[in-house]
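Colleague: My questions all concern the structure below.
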Amino acid sequence: MTGDRLARGLGTRQAVVVGVSAMIGAGVFTAFAPAADAAGAALPLALVLAAVVAYCNATSSAWLAVRYPESGGTYVYGRERLGPFWGYLAGWGFVVGKTASCAAMALAVVAYAAPNLDGPWPGLLAAAVVAALTALNYHGVQRSARAAAVLVTISLLVLAAAVVAVFTVGEPEARGLDVTTGAGPLGVLQAAGLLFFAFAGYARIATLAEEVRDPGRTIPRAVTWALGLVLVVYAAVAVALLVQLGPEGIAAAQDPVAEAVASTGLTALVPLVRIGAVLAALGALLALVLGVSRTVLAMSRDRHLPHSLAAVHPRHGVPHRAEIVVGIVVAVVAATVDLREAIGFSSFAVLVYYAIANASAFTLGHRLVPTVGLTGCVVLAATLPGMSVLSGLAVLAAGALAYAVRRRR
């Protein structure tokens, strides 16, 4: 690295590894349940549709990252290509959407670690998990690249073990793959929007524009390979769940991967699946809290959020006020909503975020991919469960109102 520039040391293979590591995580352990409830046996069709939209979003983000190789993602792209309001709205959508993702990951920890809890206890325990990780972040404890590699390896091994268990010891039934028993086109679209949650992280590749060799060629190739590999993994898991549990069984489970393994009779493997899912969720939660607090820091510096949140701790070197506020908000959300509500709301806000990314990419002269991506984001967001749409619109409107008030002042 020279001056304030990062060394261009990453090739296509390394960028693919980064992308796969960012995507394979707790989402695959949790998102299939609400998606199966919406799509039924047509779950694989919804998965492919979610992957297509994710590919368009990642490709548009990659083109923009090559043009604007700086931190901030669509917060920067929207501001530079569409105007300050759209950049702000993207940043706001990212913060609220990823805050819900944080709550979902905390609830996923509880769902797999203590599946028999009921009443207020899952939410309270999830809030305690958030508090513990916020305390770690406050003292500068961050998830390293090596830790991320370990976590994704554990996740892949657990998922592979679950798929092998189903097809070697379980009693798979092909009727679980009868797409004619699905819930129709609307159900497939709704499921695709929910499954979008499981692909979160693919934009991490786009943020490498300053660190890869020949980014104009390397990043698009890495996006294609990473999403393709993740789609293969997710498709294998989806098929295994469908033939073992059926769409109704998946929809009824808070922890579908563990339930599928338990139904094979391999009870000794179930604790390993739960441990793998808990570790994946904890790793994702740590990374998400870091990302949200840094976005809050950037928006506070630009005075889109209270400027007092822009403070950096003199000893620990972290945005401590932003992290505390994010931790409190996430803990409250985790204590008051369930896992499926958090997934739906997060998907809505993040789809809005990428709709702005695609609109920004359209202004670069690209047409087909941004158009498909923008259309896909809008359609999937609009067909999510009604409460997710209404709450998402309400929070975005509150953010837009706050922006208008600040501009008047």
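FYI, nothing fancy with the structure tokens labels: chains A, B, ... in order, residues from 1 per chain, ligands from 1 as they appear.
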Excluding Leu384 of chain A and its own-chain neighbours fewer than 6 positions away, which residues fall within 9 Å of it when counting only C-alpha atoms? Please give them as a list in words.

Modeller: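 The neighbour list is Leu189, Gln190, Ala191, Ala192, Gly193, Leu194, Gly344, Phe345, Ser347 and Phe348 of chain A.
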
Colleague: Taking only C-alpha atoms into account, name the residue in A:Ala258, A:Ala359, A:Ala104, A:Val163 that is nearest to Thr336 of chain A.

Modeller: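 Closest to Thr336 of chain A, using only C-alpha atoms: A:Ala104.
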
Colleague: From the options A:Ala33, A:Val28, A:Ala349, A:Leu107, which residue's atoms come nearest to Glu248 of chain A, counting only C-alpha atoms?

Modeller: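 Distance minimum relative to Glu248 of chain A lands on A:Ala33.
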
Colleague: Write out as a ChimeraX atom specification the residues lying within 12 Å of Gly119 of chain A, counting only C-alpha atoms and excluding same-chain residues fewer than 2 positions away.

Modeller: /A:116-117,121-125,335-338

Colleague: Kindly export the residues of the current selection with all heavy atoms, as a CSV table (one decimal), in the first residue's frame.

Modeller:
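Saved to part.csv:
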```csv
chain,number,residue,atom,x,y,z
A,116,ASN,N,-36.3,-25.1,22.1
A,116,ASN,CA,-37.5,-25.4,22.8
A,116,ASN,C,-38.0,-24.2,23.7
A,116,ASN,O,-39.0,-24.4,24.4
A,116,ASN,CB,-37.3,-26.6,23.7
A,116,ASN,CG,-37.0,-27.9,22.9
A,116,ASN,OD1,-37.6,-28.1,21.9
A,116,ASN,ND2,-36.1,-28.7,23.4
A,117,LEU,N,-37.3,-23.1,23.6
A,117,LEU,CA,-37.8,-21.9,24.4
A,117,LEU,C,-39.0,-21.4,23.8
A,117,LEU,O,-39.2,-21.4,22.5
A,117,LEU,CB,-36.7,-20.9,24.4
A,117,LEU,CG,-35.4,-21.1,25.2
A,117,LEU,CD1,-34.5,-19.9,25.1
A,117,LEU,CD2,-35.8,-21.3,26.7
A,121,TRP,N,-38.8,-15.6,26.1
A,121,TRP,CA,-37.4,-15.9,26.4
A,121,TRP,C,-36.5,-15.9,25.1
A,121,TRP,O,-35.4,-15.5,25.2
A,121,TRP,CB,-37.3,-17.3,27.0
A,121,TRP,CG,-37.9,-17.3,28.4
A,121,TRP,CD1,-39.1,-17.8,28.9
A,121,TRP,CD2,-37.3,-16.6,29.5
A,121,TRP,NE1,-39.3,-17.5,30.2
A,121,TRP,CE2,-38.2,-16.7,30.6
A,121,TRP,CE3,-36.2,-15.8,29.7
A,121,TRP,CZ2,-37.9,-16.2,31.9
A,121,TRP,CZ3,-35.9,-15.3,31.0
A,121,TRP,CH2,-36.8,-15.5,32.0
A,122,PRO,N,-37.0,-16.4,23.9
A,122,PRO,CA,-36.1,-16.3,22.8
A,122,PRO,C,-35.7,-14.8,22.5
A,122,PRO,O,-34.5,-14.6,22.2
A,122,PRO,CB,-37.0,-16.9,21.6
A,122,PRO,CG,-37.9,-17.8,22.3
A,122,PRO,CD,-38.2,-17.1,23.6
A,123,GLY,N,-36.6,-13.9,22.5
A,123,GLY,CA,-36.3,-12.5,22.3
A,123,GLY,C,-35.3,-11.9,23.3
A,123,GLY,O,-34.4,-11.2,23.0
A,124,LEU,N,-35.6,-12.3,24.6
A,124,LEU,CA,-34.7,-11.8,25.6
A,124,LEU,C,-33.3,-12.3,25.5
A,124,LEU,O,-32.3,-11.6,25.7
A,124,LEU,CB,-35.3,-12.1,27.0
A,124,LEU,CG,-36.6,-11.4,27.3
A,124,LEU,CD1,-37.2,-11.9,28.7
A,124,LEU,CD2,-36.4,-9.9,27.4
A,125,LEU,N,-33.2,-13.6,25.2
A,125,LEU,CA,-31.9,-14.2,25.1
A,125,LEU,C,-31.2,-13.7,23.8
A,125,LEU,O,-30.0,-13.4,23.9
A,125,LEU,CB,-32.0,-15.7,24.9
A,125,LEU,CG,-30.7,-16.6,24.9
A,125,LEU,CD1,-29.9,-16.3,26.2
A,125,LEU,CD2,-31.1,-18.1,24.8
A,335,ALA,N,-35.8,-8.4,20.7
A,335,ALA,CA,-36.7,-8.8,21.8
A,335,ALA,C,-38.1,-8.6,21.5
A,335,ALA,O,-39.0,-9.1,22.2
A,335,ALA,CB,-36.3,-7.9,23.0
A,336,THR,N,-38.5,-8.0,20.4
A,336,THR,CA,-39.9,-7.6,20.1
A,336,THR,C,-40.5,-8.2,18.8
A,336,THR,O,-41.7,-8.2,18.6
A,336,THR,CB,-40.1,-6.1,20.1
A,336,THR,OG1,-39.2,-5.5,19.1
A,336,THR,CG2,-39.8,-5.5,21.5
A,337,VAL,N,-39.6,-8.8,18.0
A,337,VAL,CA,-40.1,-9.4,16.7
A,337,VAL,C,-39.7,-10.8,16.7
A,337,VAL,O,-38.8,-11.3,17.4
A,337,VAL,CB,-39.6,-8.6,15.5
A,337,VAL,CG1,-40.0,-7.2,15.5
A,337,VAL,CG2,-38.1,-8.8,15.3
A,338,ASP,N,-40.3,-11.6,15.8
A,338,ASP,CA,-39.8,-13.0,15.6
A,338,ASP,C,-38.9,-13.1,14.4
A,338,ASP,O,-38.7,-12.1,13.6
A,338,ASP,CB,-41.0,-14.0,15.5
A,338,ASP,CG,-41.8,-13.8,14.2
A,338,ASP,OD1,-41.3,-13.2,13.2
A,338,ASP,OD2,-43.0,-14.2,14.3
```

Colleague: As a ChimeraX atom specification, please: the residues near segment 313-321 of chain A (cut-off 12 Å, only C-alpha atoms, same-chain neighbours under 3 positions excluded).

Modeller: /A:134-142,289-298,300-301,306-310,324-328

Colleague: What lies within 12 Å of segment 393-398 of chain A using only C-alpha atoms, ignoring chain neighbours under 6 positions off, as a VMD selection string?

Modeller: chain A and resid 86 88 to 97 100 345 to 346 348 to 353 381 to 382 384 386 to 387 404 to 405

Colleague: What are the DSSP alpha helix (DSSP H) residues of segment 39-216 of chain A, as an NGL selection string?

Modeller: :A and (39 or 43-67 or 74-81 or 84-113 or 121-138 or 145-168 or 184-195 or 215-216)
